[in-house]
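Undergrad: Take a look at the following structure, please.
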Amino acid sequence: MIELHRFLLGYILNSIWQVPLIGMIAYCCALLLRRVGANVQYRFWVAALVTAVLLPIVSAGGWFASLFGSVSGHSHMKTSSTMSLLLDGDGGVSPFAAHQGSHWLTANVGNALIAIWLGFVIYRAAALMWGWRRTLALVDEARVATLPDAICAIWTDLQVRFQLSRPQVLISDVIAMPATVGARRAVVLLPPSLLANASDDEFAAIFAHESAHIHRGDFLWNILYEVLAVPAAYHPATRLLRRGIANSRELVCDAMAADQLKNATGYARSLIRIAGSLSMAASVPAHALGIFEGQNLEKRVLMLLNRGVRPGRRVTAMVVVGCSLIFGSCCLAASAFNFQPAAVVSEELKPFAGTWHWMFKGKPFITMVLVPEGDHFSGYMTNGFFRNDADGGMTDAGSEPGTTPITRTFFTGKVLHIIVTDPRDKSVSSWTMTLTGSDKAEFFTDETDRPKNLKPWPAERVSETAPAPGKEINANAVYHVGDGVSAPKLVSSKDPEFPSGHTEKDFSGNCLVSFVVDSSGVPEQVRVVKSLGDDFDERAVEAVKQYRFEPAMYKGQPVAVSLKVEVNFRRF
């Protein structure tokens, strides 16, 4: 539920400013497109409406942020089979309980916004359904029109010109102006007063305009646009986009009607006479397309009377491409600046919260601390390194000094994405976390250049809370000397015994041994890195196990460190 809550609130917050921004950009571009044709303007307004609905969805989902946030400067390939992680920086968080009640007001305001938005959505959806039923009832109550022979001939001729499949003409006592209804079975509704008062030219204008609507399938498209606009219907700017579609659609149909009648001036005069004889304030069915559907009769008449030479294809293409680039770049920029709202800590966050140890051979090498803050986490991860073989399995891992803060988290389904930023060079690393049990999880790099066979790293939750400030050192982690970690001091050592059976003189060889000096100064995890032979390796391991050190120190505390030593065998 928290993911749905965050998504809805994110959609609302982003749509509040993105919808009017898109409306403003669309209006400016429509002014630039006014000379290239109404059909281009119509398509541009449709694209603006679709963008106004979809852009807040994209922003709320955080898809653009996750795309740009996946670039990393931390994780890089050493060889074809080795990956190293080197993180540095400082970061601190307060205990988990400190954030439990700090977002009460924010959560309630968010819930109120969602409730208001849902009210608008339900109201708009109900209005569309009621309008649909009213439209169907209106058609059922209408009666077949008996047209005079001259008017019937005009209607028949226009059907042929627009290639229509015998739409019906009905008389309705409810409507006050001509309108078109229906997709598969189109119907033209006429008020009774038209049969008694309209001239042949006016009938020709009405039938030509409504035939253009039927030819274009505007009734069905208009319903689809209304349904699409439901999520953003609460915003006044959405009405601007819908009005832009309606006005440009009427201009397109006027142009088609004038071309078929071959008399733009006569068609414009007929529109004026029809408007004067009808009640312009009268309503039409909710989904019907009336002849005066748009609120731009004056502009329609002026466009018909001033049909000058349109720009050529090259100029039209340049203007369209320019407007598209302006619109697209503004939308892309708007998607980069989006709101990701916070909400009260949910039970669904708690399985991820706390202190997690990334494990290698039963021991931790990286600690990640996740502190809930609303619907996301703050926190940090300790620095470390790991290496993988050609099969994607981990071959070595260890800790490094310092911590790197978590800058952003978000969910995709049940996967938690964690983004950390190095405070020194601002480079970014992205990780994913998937729960595999009550206190177990798998972490995985979110980098695009990771090896395809790379395996996730297991982790265990050691606490449901964050460690107190200053207590971030992991007593079980293995560090490397440097960056604040002092080198352990050798207290005692033992020379290796020369293996029996080797009688050659002037022999010299080295065996490279790696081991961990624990926090008490005792070697452990002793293993041969560069072999000199099984018998020499065995003697070298026995000698190293007897070394004793003063432990390495980090932040005033003894820590385990990883070392390598060359054990020399010589005989003169």
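We name chains A, B, ... following the order of the structure tokens; residues begin at 1 in each chain, and ligands are numbered from 1 as shown.
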Using DSSP on the backbone coordinates, identify the residues of region 298-392 of chain A assigned to strand (DSSP E or B); present them as an MDAnalysis selection string.
TA: chainID A and resid 354:360 363:373 376:388
Undergrad: Using only C-alpha atoms, determine which residues lie at most 8 Å from Gly244 (chain A), disregarding the query and same-chain residues fewer than 3 positions distant; provide the list as a list in words.
TA: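 Non-adjacent residues within range: Tyr42, Trp45, Leu240, Leu241, Asn247 and Ser248 of chain A.
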Undergrad: Using only C-alpha atoms, which residue out of A:Asn453, A:Thr434, A:Gln260, A:Ser531 lies closest to Phe352 (chain A)?
TA: A:Thr434
Undergrad: Please report the interatomic distance between CA of Ile171 (chain A) and CA of Trp155 (chain A) in Å with one decimal.
TA: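 Between CA of Ile171 (chain A) and CA of Trp155 (chain A) the gap works out to 14.8 Å.
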Undergrad: Rank nothing, just name the residue among A:Ala275, A:Leu302, A:Val319, A:Leu113 nearest to Val40 (chain A), using only C-alpha atoms.
TA: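 Looking only at the distances to Val40 (chain A), the closest residue turns out to be A:Val319.
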Undergrad: Just checking: using only C-alpha atoms, which residue out of A:Lys452, A:Lys414, A:Lys350, A:His213 ends up closest to Gly393 (chain A)?
TA: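 Using only C-alpha atoms, Gly393 (chain A) sits closest to A:Lys452.
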Undergrad: Would you please work out which residue, of A:Val428, A:Val516, A:Ala112, A:Met359, is nearest to Ala487 (chain A) when using only C-alpha atoms?
TA: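 Looking at the shortest contact to Ala487 (chain A), the residue is A:Val516.
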